[in-house]
Each structure stands twice: as structure tokens, then as C-alpha cells.
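Trainee: So that you have it, the file is work_5.pdb, and it contains PDB, C-alpha atoms, pLDDT in the B column:
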```pdb
MODEL        1
ATOM      1  CA  ASP F 244      -0.990 -16.302   5.610  1.00 66.00           C
ATOM      2  CA  VAL F 245      -2.791 -14.311   2.958  1.00 65.00           C
ATOM      3  CA  LYS F 246      -1.307 -14.707  -0.442  1.00 91.00           C
ATOM      4  CA  VAL F 247      -1.885 -12.228  -3.209  1.00 95.00           C
ATOM      5  CA  THR F 248      -0.404 -13.311  -6.509  1.00 96.00           C
ATOM      6  CA  GLN F 249       0.169 -11.056  -9.488  1.00 96.00           C
ATOM      7  CA  SER F 250       0.590 -12.919 -12.737  1.00 91.00           C
ATOM      8  CA  SER F 251       3.686 -11.092 -13.981  1.00 92.00           C
ATOM      9  CA  ARG F 252       6.616  -9.441 -12.224  1.00 94.00           C
ATOM     10  CA  TYR F 253       7.804  -7.647 -15.362  1.00 95.00           C
ATOM     11  CA  LEU F 254       5.884  -6.800 -18.506  1.00 96.00           C
ATOM     12  CA  VAL F 255       6.856  -4.886 -21.638  1.00 97.00           C
ATOM     13  CA  LYS F 256       4.159  -3.749 -24.037  1.00 97.00           C
ATOM     14  CA  ARG F 257       3.828  -1.333 -26.928  1.00 97.00           C
ATOM     15  CA  THR F 258       1.846   1.878 -27.149  1.00 97.00           C
ATOM     16  CA  GLY F 259      -1.751   1.251 -28.148  1.00 97.00           C
ATOM     17  CA  GLU F 260      -1.843  -2.367 -26.991  1.00 97.00           C
ATOM     18  CA  LYS F 261      -4.570  -3.631 -24.695  1.00 97.00           C
ATOM     19  CA  VAL F 262      -2.871  -4.841 -21.511  1.00 97.00           C
ATOM     20  CA  PHE F 263      -4.226  -7.167 -18.843  1.00 97.00           C
ATOM     21  CA  LEU F 264      -2.782  -7.387 -15.341  1.00 97.00           C
ATOM     22  CA  GLU F 265      -4.097 -10.257 -13.281  1.00 97.00           C
ATOM     23  CA  CYS F 266      -4.319 -10.647  -9.516  1.00 97.00           C
ATOM     24  CA  VAL F 267      -5.508 -13.588  -7.422  1.00 97.00           C
ATOM     25  CA  GLN F 268      -5.984 -13.798  -3.644  1.00 96.00           C
ATOM     26  CA  ASP F 269      -6.558 -16.924  -1.600  1.00 95.00           C
ATOM     27  CA  MET F 270      -8.149 -15.590   1.608  1.00 91.00           C
ATOM     28  CA  ASP F 271     -11.731 -15.090   0.490  1.00 92.00           C
ATOM     29  CA  HIS F 272     -11.442 -11.324   0.939  1.00 92.00           C
ATOM     30  CA  GLU F 273     -14.379  -9.231  -0.212  1.00 92.00           C
ATOM     31  CA  ASN F 274     -12.270  -6.250  -1.224  1.00 92.00           C
ATOM     32  CA  MET F 275      -9.555  -5.959  -3.811  1.00 95.00           C
ATOM     33  CA  PHE F 276      -7.557  -2.958  -4.970  1.00 95.00           C
ATOM     34  CA  TRP F 277      -5.286  -1.811  -7.766  1.00 97.00           C
ATOM     35  CA  TYR F 278      -2.653   0.859  -7.127  1.00 96.00           C
ATOM     36  CA  ARG F 279       0.086   2.360  -9.186  1.00 96.00           C
ATOM     37  CA  GLN F 280       3.311   3.401  -7.527  1.00 94.00           C
ATOM     38  CA  ASP F 281       5.578   6.124  -8.901  1.00 93.00           C
ATOM     39  CA  PRO F 282       8.648   7.681  -7.265  1.00 88.00           C
ATOM     40  CA  GLY F 283       7.726  10.572  -4.999  1.00 86.00           C
ATOM     41  CA  LEU F 284       3.994   9.989  -5.427  1.00 89.00           C
ATOM     42  CA  GLY F 285       3.510   6.979  -3.176  1.00 89.00           C
ATOM     43  CA  LEU F 286       0.593   4.667  -3.874  1.00 92.00           C
ATOM     44  CA  ARG F 287      -2.338   5.983  -5.840  1.00 94.00           C
ATOM     45  CA  LEU F 288      -5.581   4.053  -5.974  1.00 94.00           C
ATOM     46  CA  ILE F 289      -6.803   3.268  -9.485  1.00 97.00           C
ATOM     47  CA  TYR F 290      -9.880   1.118  -8.816  1.00 96.00           C
ATOM     48  CA  PHE F 291     -11.208  -1.103  -6.097  1.00 94.00           C
ATOM     49  CA  SER F 292     -13.886  -3.759  -5.876  1.00 95.00           C
ATOM     50  CA  TYR F 293     -15.982  -4.597  -2.832  1.00 91.00           C
ATOM     51  CA  ASP F 294     -17.767  -7.607  -4.295  1.00 91.00           C
ATOM     52  CA  VAL F 295     -17.968  -9.728  -7.425  1.00 92.00           C
ATOM     53  CA  LYS F 296     -18.896  -7.597 -10.428  1.00 91.00           C
ATOM     54  CA  MET F 297     -18.833  -4.467  -8.255  1.00 92.00           C
ATOM     55  CA  LYS F 298     -16.225  -1.771  -8.726  1.00 94.00           C
ATOM     56  CA  GLU F 299     -15.532   1.807  -7.794  1.00 93.00           C
ATOM     57  CA  LYS F 300     -13.176   4.378  -9.192  1.00 95.00           C
ATOM     58  CA  GLY F 301     -10.221   5.408  -7.156  1.00 93.00           C
ATOM     59  CA  ASP F 302      -8.202   8.579  -7.511  1.00 92.00           C
ATOM     60  CA  ILE F 303      -6.730   7.979 -10.975  1.00 96.00           C
ATOM     61  CA  PRO F 304      -9.075   5.745 -13.025  1.00 96.00           C
ATOM     62  CA  GLU F 305      -8.566   7.441 -16.394  1.00 96.00           C
ATOM     63  CA  GLY F 306      -7.195   5.066 -19.017  1.00 96.00           C
ATOM     64  CA  TYR F 307      -7.935   1.978 -16.928  1.00 97.00           C
ATOM     65  CA  SER F 308     -10.785  -0.433 -16.400  1.00 97.00           C
ATOM     66  CA  VAL F 309     -11.208  -3.464 -14.146  1.00 97.00           C
ATOM     67  CA  SER F 310     -12.990  -6.764 -14.070  1.00 97.00           C
ATOM     68  CA  ARG F 311     -14.034  -8.956 -11.160  1.00 97.00           C
ATOM     69  CA  GLU F 312     -15.909 -12.011 -12.373  1.00 96.00           C
ATOM     70  CA  LYS F 313     -14.848 -14.213  -9.459  1.00 96.00           C
ATOM     71  CA  LYS F 314     -14.237 -13.299  -5.847  1.00 96.00           C
ATOM     72  CA  GLU F 315     -10.613 -14.309  -5.864  1.00 96.00           C
ATOM     73  CA  ARG F 316      -9.586 -12.602  -9.107  1.00 97.00           C
ATOM     74  CA  PHE F 317      -9.316  -8.913  -9.958  1.00 97.00           C
ATOM     75  CA  SER F 318      -8.007  -7.774 -13.322  1.00 97.00           C
ATOM     76  CA  LEU F 319      -6.710  -4.383 -14.347  1.00 98.00           C
ATOM     77  CA  ILE F 320      -7.064  -3.483 -18.020  1.00 98.00           C
ATOM     78  CA  LEU F 321      -5.222  -0.777 -19.886  1.00 97.00           C
ATOM     79  CA  GLU F 322      -7.530  -0.204 -22.833  1.00 94.00           C
ATOM     80  CA  SER F 323      -4.904   1.431 -25.053  1.00 97.00           C
ATOM     81  CA  ALA F 324      -1.542   1.568 -23.340  1.00 97.00           C
ATOM     82  CA  SER F 325       0.387   4.819 -23.355  1.00 97.00           C
ATOM     83  CA  THR F 326       3.932   5.612 -22.251  1.00 97.00           C
ATOM     84  CA  ASN F 327       2.691   7.551 -19.216  1.00 96.00           C
ATOM     85  CA  GLN F 328       1.271   4.306 -17.866  1.00 98.00           C
ATOM     86  CA  THR F 329       4.763   2.917 -17.383  1.00 98.00           C
ATOM     87  CA  SER F 330       4.811   2.225 -13.663  1.00 97.00           C
ATOM     88  CA  MET F 331       4.788  -0.318 -10.852  1.00 96.00           C
ATOM     89  CA  TYR F 332       1.302  -1.769 -10.340  1.00 97.00           C
ATOM     90  CA  LEU F 333       0.337  -3.251  -6.993  1.00 96.00           C
ATOM     91  CA  CYS F 334      -2.687  -5.394  -6.216  1.00 96.00           C
ATOM     92  CA  ALA F 335      -4.041  -5.769  -2.686  1.00 95.00           C
ATOM     93  CA  SER F 336      -6.904  -7.430  -0.861  1.00 94.00           C
ATOM     94  CA  SER F 337      -8.507  -6.956   2.542  1.00 91.00           C
ATOM     95  CA  ARG F 338     -11.488  -7.923   4.686  1.00 87.00           C
ATOM     96  CA  ASP F 339     -12.692  -4.345   4.815  1.00 80.00           C
ATOM     97  CA  ILE F 340     -12.069  -1.165   2.876  1.00 77.00           C
ATOM     98  CA  GLY F 341     -10.773   1.383   5.343  1.00 76.00           C
ATOM     99  CA  ASN F 342     -10.177  -0.270   8.674  1.00 76.00           C
ATOM    100  CA  GLN F 343      -8.348  -3.504   7.990  1.00 80.00           C
ATOM    101  CA  PRO F 344      -4.832  -4.151   6.754  1.00 82.00           C
ATOM    102  CA  GLN F 345      -4.390  -4.635   3.056  1.00 88.00           C
ATOM    103  CA  HIS F 346      -2.305  -7.551   1.836  1.00 93.00           C
ATOM    104  CA  PHE F 347      -0.190  -6.855  -1.211  1.00 95.00           C
ATOM    105  CA  GLY F 348       1.179  -8.808  -4.113  1.00 95.00           C
ATOM    106  CA  ASP F 349       4.786  -8.389  -5.227  1.00 94.00           C
ATOM    107  CA  GLY F 350       3.856  -5.954  -7.959  1.00 95.00           C
ATOM    108  CA  THR F 351       4.092  -5.845 -11.743  1.00 96.00           C
ATOM    109  CA  ARG F 352       6.631  -3.508 -13.264  1.00 96.00           C
ATOM    110  CA  LEU F 353       5.052  -2.468 -16.554  1.00 97.00           C
ATOM    111  CA  SER F 354       6.967  -0.715 -19.304  1.00 97.00           C
ATOM    112  CA  ILE F 355       5.144   0.764 -22.282  1.00 97.00           C
ATOM    113  CA  LEU F 356       7.410   1.415 -25.253  1.00 96.00           C
TER
ATOM    114  CA  ALA O  92     -11.784  12.357   4.366  1.00 72.00           C
ATOM    115  CA  GLN O  93      -8.475  11.502   5.883  1.00 80.00           C
ATOM    116  CA  SER O  94      -4.948  12.388   4.828  1.00 89.00           C
ATOM    117  CA  VAL O  95      -1.426  11.378   5.835  1.00 94.00           C
ATOM    118  CA  THR O  96       1.957  13.084   5.608  1.00 95.00           C
ATOM    119  CA  GLN O  97       5.422  11.615   5.829  1.00 96.00           C
ATOM    120  CA  PRO O  98       7.672  14.683   6.098  1.00 96.00           C
ATOM    121  CA  ASP O  99      10.953  12.872   5.425  1.00 96.00           C
ATOM    122  CA  ILE O 100      11.551  11.652   1.881  1.00 95.00           C
ATOM    123  CA  HIS O 101      14.931  10.087   2.616  1.00 96.00           C
ATOM    124  CA  ILE O 102      16.695   9.195   5.872  1.00 97.00           C
ATOM    125  CA  THR O 103      20.189   7.823   6.328  1.00 97.00           C
ATOM    126  CA  VAL O 104      21.362   6.136   9.532  1.00 97.00           C
ATOM    127  CA  SER O 105      24.327   4.069  10.603  1.00 97.00           C
ATOM    128  CA  GLU O 106      23.843   0.428  11.432  1.00 97.00           C
ATOM    129  CA  GLY O 107      23.146   0.071  15.157  1.00 97.00           C
ATOM    130  CA  ALA O 108      21.743   3.576  15.503  1.00 97.00           C
ATOM    131  CA  SER O 109      18.182   4.259  16.594  1.00 97.00           C
ATOM    132  CA  LEU O 110      15.522   5.193  14.073  1.00 97.00           C
ATOM    133  CA  GLU O 111      12.372   7.266  14.089  1.00 98.00           C
ATOM    134  CA  LEU O 112      10.229   7.764  10.981  1.00 98.00           C
ATOM    135  CA  ARG O 113       7.579  10.426  11.189  1.00 98.00           C
ATOM    136  CA  CYS O 114       3.943  10.156  10.200  1.00 98.00           C
ATOM    137  CA  ASN O 115       1.240  12.774  10.672  1.00 97.00           C
ATOM    138  CA  TYR O 116      -2.397  12.172   9.857  1.00 95.00           C
ATOM    139  CA  SER O 117      -5.614  14.093   9.579  1.00 92.00           C
ATOM    140  CA  TYR O 118      -8.925  12.451  10.430  1.00 87.00           C
ATOM    141  CA  GLY O 119     -11.998  13.610  12.297  1.00 79.00           C
ATOM    142  CA  ALA O 120     -12.495  10.508  14.410  1.00 81.00           C
ATOM    143  CA  THR O 121     -10.279   7.781  15.821  1.00 80.00           C
ATOM    144  CA  PRO O 122      -8.078   6.682  12.953  1.00 89.00           C
ATOM    145  CA  TYR O 123      -6.934   3.241  11.947  1.00 92.00           C
ATOM    146  CA  LEU O 124      -3.173   3.508  11.430  1.00 94.00           C
ATOM    147  CA  PHE O 125      -0.713   1.246   9.680  1.00 95.00           C
ATOM    148  CA  TRP O 126       2.977   1.061   8.853  1.00 97.00           C
ATOM    149  CA  TYR O 127       4.186  -0.932   5.864  1.00 97.00           C
ATOM    150  CA  VAL O 128       7.674  -1.740   4.578  1.00 97.00           C
ATOM    151  CA  GLN O 129       8.632  -2.304   0.951  1.00 96.00           C
ATOM    152  CA  SER O 130      11.933  -3.923   0.071  1.00 93.00           C
ATOM    153  CA  PRO O 131      13.292  -3.235  -3.435  1.00 88.00           C
ATOM    154  CA  GLY O 132      11.235  -4.931  -6.123  1.00 82.00           C
ATOM    155  CA  GLN O 133       8.691  -6.267  -3.639  1.00 86.00           C
ATOM    156  CA  GLY O 134       5.165  -5.484  -2.548  1.00 89.00           C
ATOM    157  CA  LEU O 135       4.262  -3.895   0.771  1.00 93.00           C
ATOM    158  CA  GLN O 136       4.468  -5.876   3.983  1.00 94.00           C
ATOM    159  CA  LEU O 137       2.507  -4.888   7.088  1.00 94.00           C
ATOM    160  CA  LEU O 138       4.787  -3.975  10.015  1.00 97.00           C
ATOM    161  CA  LEU O 139       2.154  -3.017  12.579  1.00 95.00           C
ATOM    162  CA  LYS O 140      -1.288  -1.512  13.042  1.00 94.00           C
ATOM    163  CA  TYR O 141      -3.169   0.588  15.565  1.00 93.00           C
ATOM    164  CA  PHE O 142      -6.916   0.332  15.991  1.00 88.00           C
ATOM    165  CA  SER O 143      -7.530   1.232  19.640  1.00 84.00           C
ATOM    166  CA  GLY O 144      -6.262   0.591  23.154  1.00 86.00           C
ATOM    167  CA  ASP O 145      -2.605   0.791  24.105  1.00 88.00           C
ATOM    168  CA  THR O 146      -1.040   3.652  22.189  1.00 91.00           C
ATOM    169  CA  LEU O 147       2.326   1.909  21.909  1.00 96.00           C
ATOM    170  CA  VAL O 148       2.080  -0.961  19.444  1.00 96.00           C
ATOM    171  CA  GLN O 149       4.674  -3.589  18.710  1.00 96.00           C
ATOM    172  CA  GLY O 150       5.232  -4.958  15.259  1.00 96.00           C
ATOM    173  CA  ILE O 151       7.406  -7.373  13.373  1.00 95.00           C
ATOM    174  CA  LYS O 152      11.165  -7.062  12.819  1.00 95.00           C
ATOM    175  CA  GLY O 153      11.608  -5.203  16.160  1.00 96.00           C
ATOM    176  CA  PHE O 154       9.620  -2.113  15.149  1.00 97.00           C
ATOM    177  CA  GLU O 155       7.197  -0.214  17.327  1.00 98.00           C
ATOM    178  CA  ALA O 156       4.998   2.850  16.840  1.00 98.00           C
ATOM    179  CA  GLU O 157       3.305   5.265  19.180  1.00 97.00           C
ATOM    180  CA  PHE O 158      -0.078   6.855  18.556  1.00 95.00           C
ATOM    181  CA  LYS O 159      -0.240  10.413  19.884  1.00 95.00           C
ATOM    182  CA  ARG O 160      -3.687  11.857  19.408  1.00 92.00           C
ATOM    183  CA  SER O 161      -2.700  15.346  20.619  1.00 92.00           C
ATOM    184  CA  GLN O 162      -0.015  15.548  17.910  1.00 94.00           C
ATOM    185  CA  SER O 163      -1.918  13.598  15.230  1.00 94.00           C
ATOM    186  CA  SER O 164       1.157  11.445  14.866  1.00 96.00           C
ATOM    187  CA  PHE O 165       2.018   7.775  14.552  1.00 97.00           C
ATOM    188  CA  ASN O 166       5.813   7.631  14.416  1.00 98.00           C
ATOM    189  CA  LEU O 167       7.681   4.409  13.749  1.00 98.00           C
ATOM    190  CA  ARG O 168      10.724   3.558  15.877  1.00 98.00           C
ATOM    191  CA  LYS O 169      13.436   0.956  16.150  1.00 98.00           C
ATOM    192  CA  PRO O 170      16.129   1.011  18.848  1.00 97.00           C
ATOM    193  CA  SER O 171      18.920  -0.443  16.701  1.00 97.00           C
ATOM    194  CA  VAL O 172      18.804  -0.532  12.927  1.00 97.00           C
ATOM    195  CA  HIS O 173      20.175  -3.447  10.907  1.00 96.00           C
ATOM    196  CA  TRP O 174      21.469  -3.203   7.333  1.00 95.00           C
ATOM    197  CA  SER O 175      18.512  -5.345   6.223  1.00 95.00           C
ATOM    198  CA  ASP O 176      16.116  -2.595   7.343  1.00 97.00           C
ATOM    199  CA  ALA O 177      17.071  -0.523   4.301  1.00 97.00           C
ATOM    200  CA  ALA O 178      13.783  -0.176   2.436  1.00 97.00           C
ATOM    201  CA  GLU O 179      10.916   2.212   1.839  1.00 97.00           C
ATOM    202  CA  TYR O 180       8.413   2.732   4.620  1.00 98.00           C
ATOM    203  CA  PHE O 181       4.815   3.791   4.179  1.00 97.00           C
ATOM    204  CA  CYS O 182       2.382   5.088   6.756  1.00 96.00           C
ATOM    205  CA  ALA O 183      -1.326   4.671   6.031  1.00 94.00           C
ATOM    206  CA  VAL O 184      -4.500   5.927   7.657  1.00 92.00           C
ATOM    207  CA  GLY O 185      -7.960   4.424   7.403  1.00 88.00           C
ATOM    208  CA  GLY O 186     -11.283   5.129   9.028  1.00 82.00           C
ATOM    209  CA  SER O 187     -14.404   3.482  10.301  1.00 75.00           C
ATOM    210  CA  TYR O 188     -16.979   4.965   7.955  1.00 73.00           C
ATOM    211  CA  ASN O 189     -18.191   3.131   4.853  1.00 66.00           C
ATOM    212  CA  THR O 190     -16.799   5.843   2.612  1.00 70.00           C
ATOM    213  CA  ASP O 191     -13.308   5.726   4.144  1.00 77.00           C
ATOM    214  CA  LYS O 192     -10.490   4.171   2.191  1.00 83.00           C
ATOM    215  CA  LEU O 193      -6.918   3.469   3.189  1.00 88.00           C
ATOM    216  CA  ILE O 194      -4.777   6.505   2.344  1.00 91.00           C
ATOM    217  CA  PHE O 195      -1.012   6.030   2.005  1.00 92.00           C
ATOM    218  CA  GLY O 196       1.750   8.525   2.608  1.00 93.00           C
ATOM    219  CA  THR O 197       4.357   9.148  -0.060  1.00 94.00           C
ATOM    220  CA  GLY O 198       6.910   7.032   1.761  1.00 95.00           C
ATOM    221  CA  THR O 199      10.286   7.458   3.458  1.00 97.00           C
ATOM    222  CA  ARG O 200      13.320   5.760   1.966  1.00 96.00           C
ATOM    223  CA  LEU O 201      15.713   4.469   4.621  1.00 97.00           C
ATOM    224  CA  GLN O 202      19.360   3.986   3.809  1.00 97.00           C
ATOM    225  CA  VAL O 203      21.619   2.180   6.304  1.00 97.00           C
ATOM    226  CA  PHE O 204      25.381   2.650   6.326  1.00 94.00           C
ATOM    227  CA  PRO O 205      27.648  -0.026   7.836  1.00 88.00           C
TER
ENDMDL
END
```
Spell out the structure here as C-alpha cells.
Mentor:
Amino acid sequence: DVKVTQSSRYLVKRTGEKVFLECVQDMDHENMFWYRQDPGLGLRLIYFSYDVKMKEKGDIPEGYSVSREKKERFSLILESASTNQTSMYLCASSRDIGNQPQHFGDGTRLSIL
Amino acid sequence: AQSVTQPDIHITVSEGASLELRCNYSYGATPYLFWYVQSPGQGLQLLLKYFSGDTLVQGIKGFEAEFKRSQSSFNLRKPSVHWSDAAEYFCAVGGSYNTDKLIFGTGTRLQVFP
């Protein structure tokens, strides 16, 4: 089975801090994704990566950046955390972008104080 | 580009009752359709998927879904709901073009009463 592991289940940070969320997958998938999930808004795509060092903006990239130095690892970076970035963050991976199932991690619940 | 709508934000059923969760999509070609379930505090788990062929697809946990092209729908069903089915359910639509991404609905929260 595909396993997608997010480094933290819960994280509390302060406004203005630089925050790193880490995600690792073990199925050699080309594609990895970062979503944020908020009540009533479903999943919104922040960034995705289709290869090492390659990335594309999703629907809500503002205030975020990503890094993919190795195929199995995809990091989400909040350059200067703000309270409106308090949310559940979900990482996923898949063999293809739009026509294959995505496999999700358990999520990181991030609180910015 | 594709889009997906889940008209029901919240559904409540009694344990043992049948269930149908609605999903409507918009896409110009044959869509790739998925249903996911999210238990509280967890990530999303794939229930079933439709790519082509038989329009009635079986998934895990006793769920099934039917693709109806004429209605642009992919509704999720279960004949008899168990208390452990209480969760949030997401429909997603993808496509076959390089520019297509997986688009998720806003979810339907299912509550099950004993």
C-alpha cells in the first residue's frame, strides 16, 4: 500500500515565523500535492510538483512556497506565518496528475497564534 | 476545466438505513471520477473510482457508485449504513488532458444515529 507520511499531526507556531511542513511518500510517485482544508471550502490546491525540482502553483499559492529536492519528499513552506493560515494541511501523491487516485497523508493541523 | 458539486453539506441517517450521496460534475470529455472518505482527524481514503467501462462501480466498505453520463452524476450509495460510516465524503473529478488536475467537491458530512 502507498504510504504518505506527514511529519507532524499538530503544530503550533507564532505569527511571522517561517514554518516547514514535510511530506514523504514511499511509492516512487512522480506527482505530489499540497492542499489546505477549511470547513465549507473542501480541499484547495496550494502547489503541486510533477518531478524533482519542478513545481506549479495551484489555486491558492499566495504566502506559500514549496521544495522538492528528492522524489519522495515534498515540503511546504510558510514564509512568514499569519493567523489566516491556520488550517488543516494535507499532502498527497499519485502516479498521474488528473486521472489517477491521489493517496493522502493523515494531515497536519497547523495553528498560528 | 472541470468542476464538481456536492449539493448536500450535511446528511443524517439512522443506522441500517440506505444512503445516497450526490455528486454532479462538469467536464467536456469522459471524466475520471473518485469518491473519498475522511474520518475525523484523518486524511482522505479512496473508496472507489470510475475510469471507463461498467457504470456501476464497487468500492471498499460496501459502497458503490453509479456513473450517469446523461445526468452528469456519480452518486455514492450504500444499502445499509453502519455507525462507523459517520465521516465526511468527497467526490472528485479528473480528466485525461495534461492540464487537468483533480478537482474536489466541498464534501458531505454524514451523521449516523443509532
Trainee: So which one's closest to chain F, O:Phe204, O:Phe181, O:Phe158, O:Tyr118? Using all atoms listed in the file, please.
Mentor: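 Once distances to chain F are computed over all atoms listed in the file, the minimum belongs to O:Phe181.
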Trainee: If the cut-off is 10 Å, can you tell me the residues of chain F near chain O, counting all atoms listed in the file? I'd like them as an MDAnalysis selection string.
Mentor: chainID F and resid 247 252 280:288 291 301 331:335 339:352
Trainee: Go ahead and compute the interatomic distance for atom CA of O:Cys114 and atom CA of O:Leu167, in Å to one decimal.
Mentor: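 Taking atom CA of O:Cys114 and atom CA of O:Leu167, their separation equals 7.7 Å.
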Trainee: For atom CA of F:Tyr307 and atom CA of F:Leu321, determine how far apart the two atoms are, in Å to one decimal place.
Mentor: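 So the two atoms, atom CA of F:Tyr307 and atom CA of F:Leu321, lie 4.9 Å apart.
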Trainee: Rounded to one decimal in Å, what is the spacing between atom CA of F:Thr248 and atom CA of O:Gly150?
Mentor: 24.0 Å
Trainee: Please enumerate the residues selected by the PyMOL selection byres ((chain O and resi 110) around 12) when evaluated against the supplied file, formatted as JSON, numbers by chain.
Mentor: {"O": [102, 103, 104, 105, 106, 107, 108, 109, 111, 112, 113, 153, 154, 155, 156, 166, 167, 168, 169, 170, 171, 172, 173, 176, 177, 201, 202, 203]}
Trainee: Which polymer residues have any atom within 8 Å of an atom of stretch 256-265 of chain F, counting all atoms listed in the file, with same-chain residues fewer than 3 positions away left out, as an NGL selection string?
Mentor: :F and (249-251 or 316-326 or 351 or 353-356)
Trainee: Can you list what the PyMOL selection byres ((chain O and resi 93) around 7) grabs from this structure, as a VMD selection string?
Mentor: chain O and resid 92 94 117 to 118
Trainee: Just say which residues the PyMOL selection byres ((chain F and resi 300) around 10) picks in this file, as a VMD selection string.
Mentor: chain F and resid 288 to 292 298 to 299 301 to 305 307 to 309
Trainee: Working from the structure I just supplied, which lacks atoms in stretch 159-173 of chain O, can you model N, CA, C and O atoms there and output them as a PDB file, keeping the file's coordinate frame?
Mentor:
```pdb
ATOM      1  N   LYS O 159      -0.078   9.225  19.033  1.00 95.00           N
ATOM      2  CA  LYS O 159      -0.240  10.413  19.884  1.00 95.00           C
ATOM      3  C   LYS O 159      -1.362  11.255  19.300  1.00 95.00           C
ATOM      4  O   LYS O 159      -1.165  11.994  18.321  1.00 95.00           O
ATOM      5  N   ARG O 160      -2.512  11.154  19.932  1.00 92.00           N
ATOM      6  CA  ARG O 160      -3.687  11.857  19.408  1.00 92.00           C
ATOM      7  C   ARG O 160      -3.472  13.368  19.424  1.00 92.00           C
ATOM      8  O   ARG O 160      -3.836  14.052  18.478  1.00 92.00           O
ATOM      9  N   SER O 161      -2.856  13.888  20.483  1.00 92.00           N
ATOM     10  CA  SER O 161      -2.700  15.346  20.619  1.00 92.00           C
ATOM     11  C   SER O 161      -1.813  15.921  19.509  1.00 92.00           C
ATOM     12  O   SER O 161      -1.932  17.096  19.155  1.00 92.00           O
ATOM     13  N   GLN O 162      -0.918  15.095  18.972  1.00 94.00           N
ATOM     14  CA  GLN O 162      -0.015  15.548  17.910  1.00 94.00           C
ATOM     15  C   GLN O 162      -0.408  14.998  16.543  1.00 94.00           C
ATOM     16  O   GLN O 162       0.281  15.268  15.558  1.00 94.00           O
ATOM     17  N   SER O 163      -1.483  14.239  16.488  1.00 94.00           N
ATOM     18  CA  SER O 163      -1.918  13.598  15.230  1.00 94.00           C
ATOM     19  C   SER O 163      -0.749  12.871  14.575  1.00 94.00           C
ATOM     20  O   SER O 163      -0.499  13.014  13.365  1.00 94.00           O
ATOM     21  N   SER O 164      -0.036  12.113  15.388  1.00 96.00           N
ATOM     22  CA  SER O 164       1.157  11.445  14.866  1.00 96.00           C
ATOM     23  C   SER O 164       1.136   9.951  15.174  1.00 96.00           C
ATOM     24  O   SER O 164       0.471   9.488  16.109  1.00 96.00           O
ATOM     25  N   PHE O 165       1.874   9.235  14.382  1.00 97.00           N
ATOM     26  CA  PHE O 165       2.018   7.775  14.552  1.00 97.00           C
ATOM     27  C   PHE O 165       3.420   7.438  14.044  1.00 97.00           C
ATOM     28  O   PHE O 165       3.615   6.882  12.974  1.00 97.00           O
ATOM     29  N   ASN O 166       4.422   7.784  14.836  1.00 98.00           N
ATOM     30  CA  ASN O 166       5.813   7.631  14.416  1.00 98.00           C
ATOM     31  C   ASN O 166       6.315   6.215  14.635  1.00 98.00           C
ATOM     32  O   ASN O 166       6.021   5.571  15.653  1.00 98.00           O
ATOM     33  N   LEU O 167       7.116   5.764  13.717  1.00 98.00           N
ATOM     34  CA  LEU O 167       7.681   4.409  13.749  1.00 98.00           C
ATOM     35  C   LEU O 167       9.088   4.478  14.338  1.00 98.00           C
ATOM     36  O   LEU O 167       9.870   5.355  13.956  1.00 98.00           O
ATOM     37  N   ARG O 168       9.409   3.537  15.222  1.00 98.00           N
ATOM     38  CA  ARG O 168      10.724   3.558  15.877  1.00 98.00           C
ATOM     39  C   ARG O 168      11.346   2.170  15.887  1.00 98.00           C
ATOM     40  O   ARG O 168      10.644   1.138  15.849  1.00 98.00           O
ATOM     41  N   LYS O 169      12.685   2.191  15.939  1.00 98.00           N
ATOM     42  CA  LYS O 169      13.436   0.956  16.150  1.00 98.00           C
ATOM     43  C   LYS O 169      14.691   1.330  16.915  1.00 98.00           C
ATOM     44  O   LYS O 169      15.392   2.264  16.531  1.00 98.00           O
ATOM     45  N   PRO O 170      15.002   0.614  17.992  1.00 97.00           N
ATOM     46  CA  PRO O 170      16.129   1.011  18.848  1.00 97.00           C
ATOM     47  C   PRO O 170      17.488   0.844  18.164  1.00 97.00           C
ATOM     48  O   PRO O 170      18.398   1.627  18.413  1.00 97.00           O
ATOM     49  N   SER O 171      17.622  -0.168  17.310  1.00 97.00           N
ATOM     50  CA  SER O 171      18.920  -0.443  16.701  1.00 97.00           C
ATOM     51  C   SER O 171      18.683  -0.973  15.288  1.00 97.00           C
ATOM     52  O   SER O 171      18.166  -2.075  15.105  1.00 97.00           O
ATOM     53  N   VAL O 172      19.101  -0.200  14.318  1.00 97.00           N
ATOM     54  CA  VAL O 172      18.804  -0.532  12.927  1.00 97.00           C
ATOM     55  C   VAL O 172      19.822  -1.532  12.384  1.00 97.00           C
ATOM     56  O   VAL O 172      21.024  -1.449  12.664  1.00 97.00           O
ATOM     57  N   HIS O 173      19.330  -2.461  11.572  1.00 96.00           N
ATOM     58  CA  HIS O 173      20.175  -3.447  10.907  1.00 96.00           C
ATOM     59  C   HIS O 173      20.243  -3.106   9.420  1.00 96.00           C
ATOM     60  O   HIS O 173      19.329  -2.479   8.875  1.00 96.00           O
TER      61      HIS O 173
END
```
